>>> print(open('input-v8.cif').read())   # mmCIF, N, CA and C atoms and all ligand atoms
data_protein
#
loop_
_atom_site.label_atom_id
_atom_site.label_comp_id
_atom_site.auth_asym_id
_atom_site.auth_seq_id
_atom_site.Cartn_x
_atom_site.Cartn_y
_atom_site.Cartn_z
N MET N 9 -52.23 139.70 39.03
CA MET N 9 -52.71 138.81 37.97
C MET N 9 -51.52 138.29 37.17
N PRO N 10 -51.48 136.99 36.93
CA PRO N 10 -50.34 136.46 36.14
C PRO N 10 -50.41 136.98 34.71
N VAL N 11 -49.27 137.36 34.19
CA VAL N 11 -49.23 137.90 32.82
C VAL N 11 -48.12 137.21 32.04
N PRO N 12 -48.29 137.08 30.70
CA PRO N 12 -47.21 136.56 29.87
C PRO N 12 -46.01 137.49 29.97
N THR N 13 -44.85 136.93 30.22
CA THR N 13 -43.67 137.74 30.47
C THR N 13 -42.49 137.25 29.63
N SER N 14 -41.77 138.19 29.04
CA SER N 14 -40.58 137.86 28.26
C SER N 14 -39.34 138.15 29.13
N TYR N 15 -38.41 137.21 29.11
CA TYR N 15 -37.20 137.37 29.91
C TYR N 15 -35.98 137.57 29.02
N PHE N 16 -35.15 138.54 29.41
CA PHE N 16 -33.92 138.85 28.70
C PHE N 16 -32.79 138.75 29.71
N VAL N 17 -31.69 138.09 29.34
CA VAL N 17 -30.59 137.95 30.28
C VAL N 17 -29.50 138.97 29.93
N CYS N 18 -29.24 139.85 30.89
CA CYS N 18 -28.23 140.89 30.70
C CYS N 18 -26.82 140.28 30.77
N LYS N 19 -25.85 141.04 30.28
CA LYS N 19 -24.45 140.60 30.38
C LYS N 19 -24.04 140.41 31.84
N CYS N 20 -24.67 141.17 32.76
CA CYS N 20 -24.36 141.03 34.19
C CYS N 20 -25.09 139.83 34.80
N LYS N 21 -25.80 139.05 33.96
CA LYS N 21 -26.51 137.83 34.36
C LYS N 21 -27.87 138.08 35.00
N LEU N 22 -28.26 139.34 35.14
CA LEU N 22 -29.58 139.62 35.68
C LEU N 22 -30.64 139.16 34.68
N GLN N 23 -31.66 138.46 35.18
CA GLN N 23 -32.76 138.04 34.33
C GLN N 23 -33.84 139.11 34.40
N ILE N 24 -34.02 139.77 33.27
CA ILE N 24 -34.92 140.92 33.20
C ILE N 24 -36.26 140.46 32.67
N GLY N 25 -37.30 140.52 33.51
CA GLY N 25 -38.64 140.09 33.10
C GLY N 25 -39.51 141.29 32.78
N ILE N 26 -40.02 141.34 31.56
CA ILE N 26 -40.88 142.45 31.15
C ILE N 26 -42.18 141.86 30.60
N PRO N 27 -43.35 142.35 31.09
CA PRO N 27 -44.62 141.84 30.54
C PRO N 27 -44.63 141.99 29.02
N THR N 28 -45.02 140.93 28.33
CA THR N 28 -44.97 140.93 26.87
C THR N 28 -45.85 142.05 26.30
N ASP N 29 -46.96 142.34 26.94
CA ASP N 29 -47.83 143.44 26.49
C ASP N 29 -47.09 144.77 26.48
N THR N 30 -46.25 144.99 27.49
CA THR N 30 -45.50 146.24 27.58
C THR N 30 -44.54 146.37 26.40
N LEU N 31 -43.96 145.23 25.99
CA LEU N 31 -43.02 145.25 24.86
C LEU N 31 -43.71 145.63 23.55
N TRP N 32 -44.97 145.24 23.44
CA TRP N 32 -45.71 145.49 22.19
C TRP N 32 -46.37 146.86 22.16
N GLN N 33 -46.54 147.46 23.33
CA GLN N 33 -47.32 148.68 23.44
C GLN N 33 -46.85 149.81 22.50
N PRO N 34 -45.54 150.06 22.36
CA PRO N 34 -45.12 151.15 21.46
C PRO N 34 -45.48 150.90 20.00
N PHE N 35 -45.70 149.65 19.62
CA PHE N 35 -45.99 149.33 18.21
C PHE N 35 -47.48 149.46 17.90
N ALA N 36 -48.30 149.66 18.95
CA ALA N 36 -49.75 149.60 18.77
C ALA N 36 -50.26 150.57 17.71
N ASN N 37 -49.66 151.76 17.64
CA ASN N 37 -50.17 152.77 16.72
C ASN N 37 -49.37 152.88 15.43
N ARG N 38 -48.52 151.92 15.16
CA ARG N 38 -47.69 152.00 13.97
C ARG N 38 -48.31 151.18 12.84
N ASP N 39 -48.03 151.62 11.61
CA ASP N 39 -48.66 151.00 10.44
C ASP N 39 -48.20 149.56 10.23
N HIS N 40 -46.92 149.32 10.44
CA HIS N 40 -46.39 148.00 10.13
C HIS N 40 -45.72 147.38 11.35
N PRO N 41 -46.55 146.87 12.27
CA PRO N 41 -45.92 146.24 13.43
C PRO N 41 -45.09 145.03 13.00
N PRO N 42 -44.01 144.76 13.69
CA PRO N 42 -43.15 143.63 13.31
C PRO N 42 -43.88 142.31 13.56
N THR N 43 -43.49 141.30 12.84
CA THR N 43 -44.01 139.97 13.15
C THR N 43 -43.04 139.32 14.12
N GLY N 44 -43.53 138.37 14.89
CA GLY N 44 -42.68 137.75 15.90
C GLY N 44 -42.43 138.73 17.03
N THR N 45 -41.35 138.54 17.74
CA THR N 45 -41.05 139.42 18.88
C THR N 45 -40.31 140.65 18.39
N PRO N 46 -40.73 141.84 18.85
CA PRO N 46 -40.03 143.04 18.40
C PRO N 46 -38.60 143.11 18.94
N ARG N 47 -37.71 143.66 18.12
CA ARG N 47 -36.35 143.93 18.61
C ARG N 47 -36.41 145.16 19.50
N VAL N 48 -35.71 145.10 20.60
CA VAL N 48 -35.81 146.16 21.59
C VAL N 48 -34.44 146.52 22.16
N VAL N 49 -34.38 147.71 22.78
CA VAL N 49 -33.24 148.09 23.60
C VAL N 49 -33.75 148.20 25.03
N ILE N 50 -33.03 147.58 25.97
CA ILE N 50 -33.44 147.58 27.37
C ILE N 50 -32.29 148.09 28.23
N GLN N 51 -32.63 148.97 29.17
CA GLN N 51 -31.62 149.39 30.14
C GLN N 51 -31.73 148.47 31.35
N CYS N 52 -30.63 147.78 31.66
CA CYS N 52 -30.63 146.87 32.81
C CYS N 52 -30.79 147.68 34.10
N PRO N 53 -31.76 147.30 34.96
CA PRO N 53 -31.97 148.06 36.19
C PRO N 53 -30.82 147.90 37.18
N LYS N 54 -29.97 146.87 36.99
CA LYS N 54 -28.88 146.62 37.93
C LYS N 54 -27.59 147.30 37.48
N CYS N 55 -27.11 146.96 36.28
CA CYS N 55 -25.81 147.49 35.85
C CYS N 55 -25.96 148.72 34.95
N LYS N 56 -27.20 149.08 34.60
CA LYS N 56 -27.51 150.28 33.81
C LYS N 56 -27.08 150.21 32.34
N THR N 57 -26.56 149.05 31.93
CA THR N 57 -26.13 148.91 30.54
C THR N 57 -27.34 148.93 29.61
N LEU N 58 -27.18 149.62 28.49
CA LEU N 58 -28.19 149.57 27.43
C LEU N 58 -27.79 148.46 26.47
N SER N 59 -28.71 147.52 26.21
CA SER N 59 -28.39 146.41 25.32
C SER N 59 -29.50 146.18 24.32
N ASN N 60 -29.09 145.77 23.11
CA ASN N 60 -30.04 145.30 22.11
C ASN N 60 -30.42 143.86 22.43
N PHE N 61 -31.69 143.54 22.24
CA PHE N 61 -32.12 142.14 22.30
C PHE N 61 -32.95 141.85 21.06
N TRP N 62 -32.57 140.83 20.32
CA TRP N 62 -33.30 140.47 19.09
C TRP N 62 -34.51 139.62 19.42
N ARG N 63 -34.46 138.94 20.56
CA ARG N 63 -35.58 138.11 20.98
C ARG N 63 -35.38 137.81 22.46
N PRO N 64 -36.49 137.47 23.18
CA PRO N 64 -36.32 137.12 24.59
C PRO N 64 -35.50 135.84 24.72
N ASP N 65 -34.79 135.70 25.82
CA ASP N 65 -34.06 134.45 26.07
C ASP N 65 -35.03 133.33 26.43
N TYR N 66 -36.09 133.70 27.12
CA TYR N 66 -37.17 132.72 27.34
C TYR N 66 -38.44 133.48 27.69
N GLU N 67 -39.57 132.78 27.59
CA GLU N 67 -40.85 133.40 27.90
C GLU N 67 -41.61 132.54 28.89
N VAL N 68 -42.31 133.21 29.79
CA VAL N 68 -43.14 132.51 30.77
C VAL N 68 -44.59 132.91 30.48
N PRO N 69 -45.46 131.92 30.13
CA PRO N 69 -46.83 132.27 29.72
C PRO N 69 -47.64 132.94 30.81
N GLU N 70 -47.43 132.53 32.07
CA GLU N 70 -48.19 133.15 33.17
C GLU N 70 -47.26 133.40 34.34
N GLU N 71 -46.60 134.56 34.32
CA GLU N 71 -45.67 134.89 35.39
C GLU N 71 -46.42 135.62 36.50
N ARG N 72 -46.27 135.13 37.73
CA ARG N 72 -47.00 135.73 38.85
C ARG N 72 -46.20 136.82 39.56
N ASN N 73 -44.90 136.72 39.50
CA ASN N 73 -44.09 137.60 40.36
C ASN N 73 -43.59 138.87 39.68
N VAL N 74 -43.99 139.09 38.45
CA VAL N 74 -43.43 140.24 37.75
C VAL N 74 -44.05 141.53 38.29
N GLU N 75 -43.18 142.49 38.61
CA GLU N 75 -43.67 143.80 39.05
C GLU N 75 -43.50 144.71 37.86
N ASN N 76 -44.59 145.32 37.44
CA ASN N 76 -44.48 146.08 36.20
C ASN N 76 -44.13 147.54 36.42
N GLY N 77 -42.85 147.79 36.62
CA GLY N 77 -42.36 149.16 36.67
C GLY N 77 -41.72 149.51 35.34
N TRP N 78 -41.92 148.65 34.34
CA TRP N 78 -41.27 148.86 33.05
C TRP N 78 -42.05 149.83 32.19
N ALA N 79 -41.32 150.69 31.51
CA ALA N 79 -42.00 151.67 30.66
C ALA N 79 -41.20 151.89 29.38
N PHE N 80 -41.96 152.14 28.33
CA PHE N 80 -41.38 152.55 27.06
C PHE N 80 -40.83 153.97 27.25
N VAL N 81 -39.57 154.19 26.85
CA VAL N 81 -38.95 155.50 27.04
C VAL N 81 -39.02 156.33 25.76
N THR N 82 -38.53 155.78 24.66
CA THR N 82 -38.48 156.54 23.41
C THR N 82 -38.14 155.60 22.26
N TRP N 83 -38.29 156.12 21.04
CA TRP N 83 -37.78 155.40 19.87
C TRP N 83 -36.36 155.82 19.62
N LEU N 84 -35.48 154.88 19.32
CA LEU N 84 -34.10 155.19 19.00
C LEU N 84 -33.86 154.82 17.54
N GLY N 85 -33.63 155.86 16.72
CA GLY N 85 -33.32 155.63 15.31
C GLY N 85 -31.82 155.59 15.11
N CYS N 86 -31.39 155.02 14.00
CA CYS N 86 -29.95 154.89 13.76
C CYS N 86 -29.35 156.19 13.24
N GLY N 87 -30.19 157.09 12.73
CA GLY N 87 -29.68 158.35 12.21
C GLY N 87 -29.71 158.42 10.69
N LEU N 88 -29.90 157.29 10.02
CA LEU N 88 -30.01 157.29 8.56
C LEU N 88 -31.38 157.84 8.16
N GLU N 89 -31.40 158.75 7.20
CA GLU N 89 -32.68 159.34 6.82
C GLU N 89 -33.62 158.32 6.21
N THR N 90 -33.07 157.32 5.55
CA THR N 90 -33.89 156.34 4.85
C THR N 90 -34.43 155.25 5.77
N CYS N 91 -33.94 155.22 6.99
CA CYS N 91 -34.30 154.12 7.89
C CYS N 91 -35.68 154.33 8.50
N LYS N 92 -36.50 153.29 8.42
CA LYS N 92 -37.84 153.37 9.00
C LYS N 92 -37.98 152.38 10.15
N SER N 93 -36.88 151.98 10.72
CA SER N 93 -36.94 150.91 11.74
C SER N 93 -36.28 151.30 13.05
N PRO N 94 -36.79 152.37 13.69
CA PRO N 94 -36.23 152.69 15.00
C PRO N 94 -36.54 151.58 15.99
N VAL N 95 -35.76 151.52 17.04
CA VAL N 95 -35.94 150.46 18.03
C VAL N 95 -36.53 151.10 19.31
N PRO N 96 -37.53 150.45 19.94
CA PRO N 96 -38.07 151.01 21.17
C PRO N 96 -37.12 150.76 22.35
N VAL N 97 -36.99 151.77 23.21
CA VAL N 97 -36.12 151.66 24.39
C VAL N 97 -36.99 151.53 25.63
N PHE N 98 -36.65 150.58 26.48
CA PHE N 98 -37.38 150.36 27.73
C PHE N 98 -36.45 150.54 28.92
N ALA N 99 -36.99 151.13 29.99
CA ALA N 99 -36.22 151.27 31.22
C ALA N 99 -37.16 151.04 32.40
N HIS N 100 -36.58 150.68 33.53
CA HIS N 100 -37.37 150.43 34.73
C HIS N 100 -37.45 151.69 35.57
N LYS N 101 -38.66 152.01 36.01
CA LYS N 101 -38.88 153.26 36.77
C LYS N 101 -38.10 153.30 38.07
N ASN N 102 -37.88 152.15 38.69
CA ASN N 102 -37.22 152.14 39.99
C ASN N 102 -35.70 152.06 39.90
N ALA N 103 -35.18 152.14 38.69
CA ALA N 103 -33.73 152.04 38.53
C ALA N 103 -33.01 153.11 39.34
N ALA N 104 -33.66 154.24 39.54
CA ALA N 104 -33.04 155.36 40.24
C ALA N 104 -32.65 155.03 41.67
N THR N 105 -33.47 154.25 42.35
CA THR N 105 -33.25 154.04 43.77
C THR N 105 -31.97 153.25 44.05
N THR N 106 -31.47 152.50 43.08
CA THR N 106 -30.25 151.75 43.31
C THR N 106 -29.02 152.52 42.82
N GLN N 107 -29.25 153.70 42.28
CA GLN N 107 -28.18 154.47 41.66
C GLN N 107 -27.41 155.28 42.69
N GLU N 108 -27.93 155.41 43.91
CA GLU N 108 -27.40 156.40 44.84
C GLU N 108 -25.96 156.16 45.29
N GLN N 109 -25.58 154.88 45.46
CA GLN N 109 -24.22 154.64 45.93
C GLN N 109 -23.20 154.80 44.79
N ASP N 110 -23.70 155.05 43.60
CA ASP N 110 -22.84 155.26 42.44
C ASP N 110 -22.25 156.68 42.51
N SER N 111 -20.97 156.77 42.79
CA SER N 111 -20.40 158.10 43.02
C SER N 111 -19.86 158.75 41.75
N ALA N 112 -19.86 157.99 40.65
CA ALA N 112 -19.35 158.55 39.39
C ALA N 112 -20.21 159.73 38.95
N PRO N 113 -19.60 160.82 38.51
CA PRO N 113 -20.38 161.94 38.02
C PRO N 113 -21.20 161.53 36.79
N SER N 114 -22.47 161.89 36.77
CA SER N 114 -23.35 161.39 35.71
C SER N 114 -22.90 161.90 34.35
N GLY N 115 -22.93 161.03 33.39
CA GLY N 115 -22.62 161.42 32.02
C GLY N 115 -21.14 161.43 31.71
N ALA N 116 -20.34 162.02 32.57
CA ALA N 116 -18.94 162.27 32.26
C ALA N 116 -18.14 161.01 31.92
N THR N 117 -18.35 159.95 32.68
CA THR N 117 -17.52 158.77 32.49
C THR N 117 -18.27 157.63 31.78
N THR N 118 -19.52 157.89 31.39
CA THR N 118 -20.31 156.83 30.78
C THR N 118 -19.75 156.48 29.40
N SER N 119 -19.49 155.21 29.19
CA SER N 119 -19.03 154.81 27.87
C SER N 119 -20.26 154.61 26.97
N ILE N 120 -20.05 154.80 25.69
CA ILE N 120 -21.15 154.71 24.72
C ILE N 120 -21.26 153.26 24.24
N PRO N 121 -22.37 152.58 24.54
CA PRO N 121 -22.51 151.20 24.09
C PRO N 121 -22.79 151.15 22.59
N ALA N 122 -22.49 150.04 21.94
CA ALA N 122 -22.85 149.84 20.54
C ALA N 122 -24.30 149.38 20.48
N LEU N 123 -25.14 150.16 19.78
CA LEU N 123 -26.55 149.79 19.66
C LEU N 123 -26.95 149.80 18.19
N TYR N 124 -28.00 149.07 17.87
CA TYR N 124 -28.47 148.95 16.49
C TYR N 124 -29.97 149.19 16.42
N CYS N 125 -30.41 149.75 15.29
CA CYS N 125 -31.85 149.89 15.07
C CYS N 125 -32.40 148.54 14.64
N ARG N 126 -33.71 148.47 14.38
CA ARG N 126 -34.30 147.19 13.98
C ARG N 126 -33.88 146.79 12.58
N GLY N 127 -33.31 147.72 11.83
CA GLY N 127 -32.77 147.38 10.51
C GLY N 127 -31.31 146.93 10.60
N ILE N 128 -30.84 146.80 11.83
CA ILE N 128 -29.45 146.41 12.16
C ILE N 128 -28.44 147.37 11.56
N HIS N 129 -28.78 148.67 11.56
CA HIS N 129 -27.79 149.71 11.26
C HIS N 129 -27.23 150.19 12.60
N PRO N 130 -25.92 150.45 12.67
CA PRO N 130 -25.39 150.98 13.94
C PRO N 130 -25.97 152.38 14.23
N VAL N 131 -26.35 152.59 15.47
CA VAL N 131 -26.91 153.88 15.88
C VAL N 131 -25.76 154.88 16.09
N ALA N 132 -25.90 156.08 15.56
CA ALA N 132 -24.88 157.11 15.70
C ALA N 132 -24.58 157.38 17.17
N ALA N 133 -23.30 157.50 17.51
CA ALA N 133 -22.88 157.68 18.91
C ALA N 133 -23.55 158.89 19.55
N GLU N 134 -23.73 159.94 18.75
CA GLU N 134 -24.35 161.16 19.26
C GLU N 134 -25.78 160.89 19.76
N LEU N 135 -26.50 160.07 19.01
CA LEU N 135 -27.89 159.75 19.39
C LEU N 135 -27.92 158.91 20.67
N ILE N 136 -26.94 158.02 20.82
CA ILE N 136 -26.87 157.20 22.04
C ILE N 136 -26.52 158.09 23.23
N ARG N 137 -25.62 159.04 23.00
CA ARG N 137 -25.24 159.96 24.08
C ARG N 137 -26.48 160.75 24.54
N ASN N 138 -27.28 161.22 23.57
CA ASN N 138 -28.51 161.94 23.92
C ASN N 138 -29.45 161.07 24.74
N LEU N 139 -29.55 159.80 24.34
CA LEU N 139 -30.44 158.88 25.06
C LEU N 139 -29.95 158.68 26.50
N LEU N 140 -28.62 158.49 26.67
CA LEU N 140 -28.07 158.30 28.01
C LEU N 140 -28.34 159.52 28.88
N GLU N 141 -28.21 160.70 28.29
CA GLU N 141 -28.49 161.93 29.05
C GLU N 141 -29.95 161.99 29.45
N HIS N 142 -30.81 161.62 28.50
CA HIS N 142 -32.25 161.62 28.77
C HIS N 142 -32.56 160.68 29.93
N LEU N 143 -31.99 159.48 29.91
CA LEU N 143 -32.24 158.51 30.97
C LEU N 143 -31.70 159.01 32.31
N ALA N 144 -30.53 159.64 32.28
CA ALA N 144 -29.94 160.17 33.51
C ALA N 144 -30.80 161.29 34.09
N ASN N 145 -31.34 162.14 33.22
CA ASN N 145 -32.20 163.23 33.69
C ASN N 145 -33.48 162.71 34.29
N GLU N 146 -34.06 161.68 33.66
CA GLU N 146 -35.27 161.08 34.20
C GLU N 146 -35.04 160.63 35.63
N LYS N 147 -33.83 160.06 35.86
CA LYS N 147 -33.51 159.54 37.19
C LYS N 147 -33.38 160.67 38.19
N THR N 148 -32.75 161.76 37.77
CA THR N 148 -32.58 162.89 38.67
C THR N 148 -33.94 163.39 39.14
N VAL N 149 -34.84 163.51 38.19
CA VAL N 149 -36.19 163.97 38.51
C VAL N 149 -36.84 162.99 39.49
N HIS N 150 -36.67 161.69 39.20
CA HIS N 150 -37.29 160.66 40.01
C HIS N 150 -36.77 160.68 41.45
N LEU N 151 -35.50 161.01 41.63
CA LEU N 151 -34.87 160.96 42.96
C LEU N 151 -35.38 162.08 43.89
N ARG N 152 -35.89 163.14 43.35
CA ARG N 152 -36.29 164.27 44.20
C ARG N 152 -37.55 163.97 45.00
ZN ZN N 201 -27.11 144.20 33.74
ZN ZN N 202 -31.64 152.03 10.73
#
>>> encode(input="input-v8.cif", output="structure tokens", more="lines below")
Ligand SMILES: [Zn+2]
Ligand SMILES: [Zn+2]
Amino acid sequence: MPVPTSYFVCKCKLQIGIPTDTLWQPFANRDHPPTGTPRVVIQCPKCKTLSNFWRPDYEVPEERNVENGWAFVTWLGCGLETCKSPVPVFAHKNAATTQEQDSAPSGATTSIPALYCRGIHPVAAELIRNLLEHLANEKTVHLR
């Protein structure tokens, strides 16, 4: 079934299409959902980079070819106690299958990307490291 889809262009030029409903799903049970498009963090299924996106690069009202392997992973807060604007993180379930030829030891050589919460506070490096570990572990489980 064709679904409204938001597209984000990664630094590696991959056009990442995520059903718009999936982007909104984590906000469904929150008291103050954002207006407009939610700010999100997305892990690119190709280059594995975690990136902030303030808005989609473009939207397709009825996309037919989108395969919905996208899932909300977790909320990422900046670490400030006063901050009420964590950003939702999304990753693709099939990202694991392309990871196999990657011979780098997991975690050890991963650089920490600069990420921001929805309040545009920088996220503490420790929290990003935890998130990267979490994503790497999910993949390990998925590969078995
Ligand atoms: Zn990428
Ligand atoms: Zn914050």
>>> atom_distance(input="input-v8.cif", atom1="atom CA of N:Cys52", atom2="atom CA of N:Cys91")
26.2 Å
>>> closest_atom_pairs(input="input-v8.cif", of="chain N", to="ligand ZN 201 (chain N)", cutoff="6.5 Å", atoms="all atoms listed in the file", output="Markdown table")
| residue | atom | partner | partner_atom | distance |
| --- | --- | --- | --- | --- |
| N:Cys18 | CA | N:ZN201 | ZN | 4.6 |
| N:Lys19 | N | N:ZN201 | ZN | 4.9 |
| N:Cys20 | N | N:ZN201 | ZN | 4.0 |
| N:Lys21 | N | N:ZN201 | ZN | 5.3 |
| N:Leu22 | N | N:ZN201 | ZN | 5.2 |
| N:Cys52 | CA | N:ZN201 | ZN | 4.5 |
| N:Pro53 | N | N:ZN201 | ZN | 5.7 |
| N:Lys54 | C | N:ZN201 | ZN | 4.9 |
| N:Cys55 | N | N:ZN201 | ZN | 3.8 |
| N:Lys56 | N | N:ZN201 | ZN | 5.0 |
| N:Thr57 | N | N:ZN201 | ZN | 5.2 |
>>> closest_residue(input="input-v8.cif", among="N:Ile24, N:Ile50, N:Leu84, N:Val97", to="ligand ZN 202 (chain N)", atoms="only N, CA and C atoms and all ligand atoms")
N:Leu84
>>> atom_distance(input="input-v8.cif", atom1="atom C of N:Ala122", atom2="atom C of N:Phe16")
16.4 Å
>>> atom_distance(input="input-v8.cif", atom1="atom C of N:Val11", atom2="atom N of N:Pro64")
14.6 Å
>>> residues_near_ligand(input="input-v8.cif", ligand="ligand ZN 202 (chain N)", cutoff="5 Å", atoms="only N, CA and C atoms and all ligand atoms", output="tab-separated table (two decimals) with N, CA and C atoms, keeping the file's coordinate frame")
chain	number	residue	atom	x	y	z
N	86	CYS	N	-31.39	155.02	14.00
N	86	CYS	CA	-29.95	154.89	13.76
N	86	CYS	C	-29.35	156.19	13.24
N	91	CYS	N	-33.94	155.22	6.99
N	91	CYS	CA	-34.30	154.12	7.89
N	91	CYS	C	-35.68	154.33	8.50
N	125	CYS	N	-30.41	149.75	15.29
N	125	CYS	CA	-31.85	149.89	15.07
N	125	CYS	C	-32.40	148.54	14.64
N	127	GLY	N	-33.31	147.72	11.83
N	127	GLY	CA	-32.77	147.38	10.51
N	127	GLY	C	-31.31	146.93	10.60
N	129	HIS	N	-28.78	148.67	11.56
N	129	HIS	CA	-27.79	149.71	11.26
N	129	HIS	C	-27.23	150.19	12.60
>>> closest_residue(input="input-v8.cif", among="N:Ala36, N:Asn102, N:Thr30, N:Pro121", to="N:Phe80", atoms="all atoms listed in the file")
N:Thr30
>>> closest_residue(input="input-v8.cif", among="N:Asn145, N:Pro12, N:Gly44, N:Val17", to="N:Asp29", atoms="all atoms listed in the file")
N:Pro12
>>> residues_near_point(input="input-v8.cif", point="(-36.3, 148.9, 21.7)", cutoff="7 Å", atoms="only N, CA and C atoms", output="list of chain:residue names")
N:Pro46, N:Arg47, N:Val48, N:Val49, N:Ile50, N:Thr82, N:Trp83, N:Leu84, N:Pro94, N:Val95, N:Pro96, N:Val97, N:Phe98
>>> closest_residue(input="input-v8.cif", among="N:Leu58, N:Ala99, N:Val131, N:Val68", to="N:Gly87", atoms="all atoms listed in the file")
N:Val131
>>> axis_aligned_box(input="input-v8.cif", around="stretch 85-96 of chain N", padding_each_side="4 Å", output="lines of an AutoDock Vina configuration file")
center_x = -33.7
center_y = 154.9
center_z = 13.6
size_x = 16.7
size_y = 16.9
size_z = 25.5
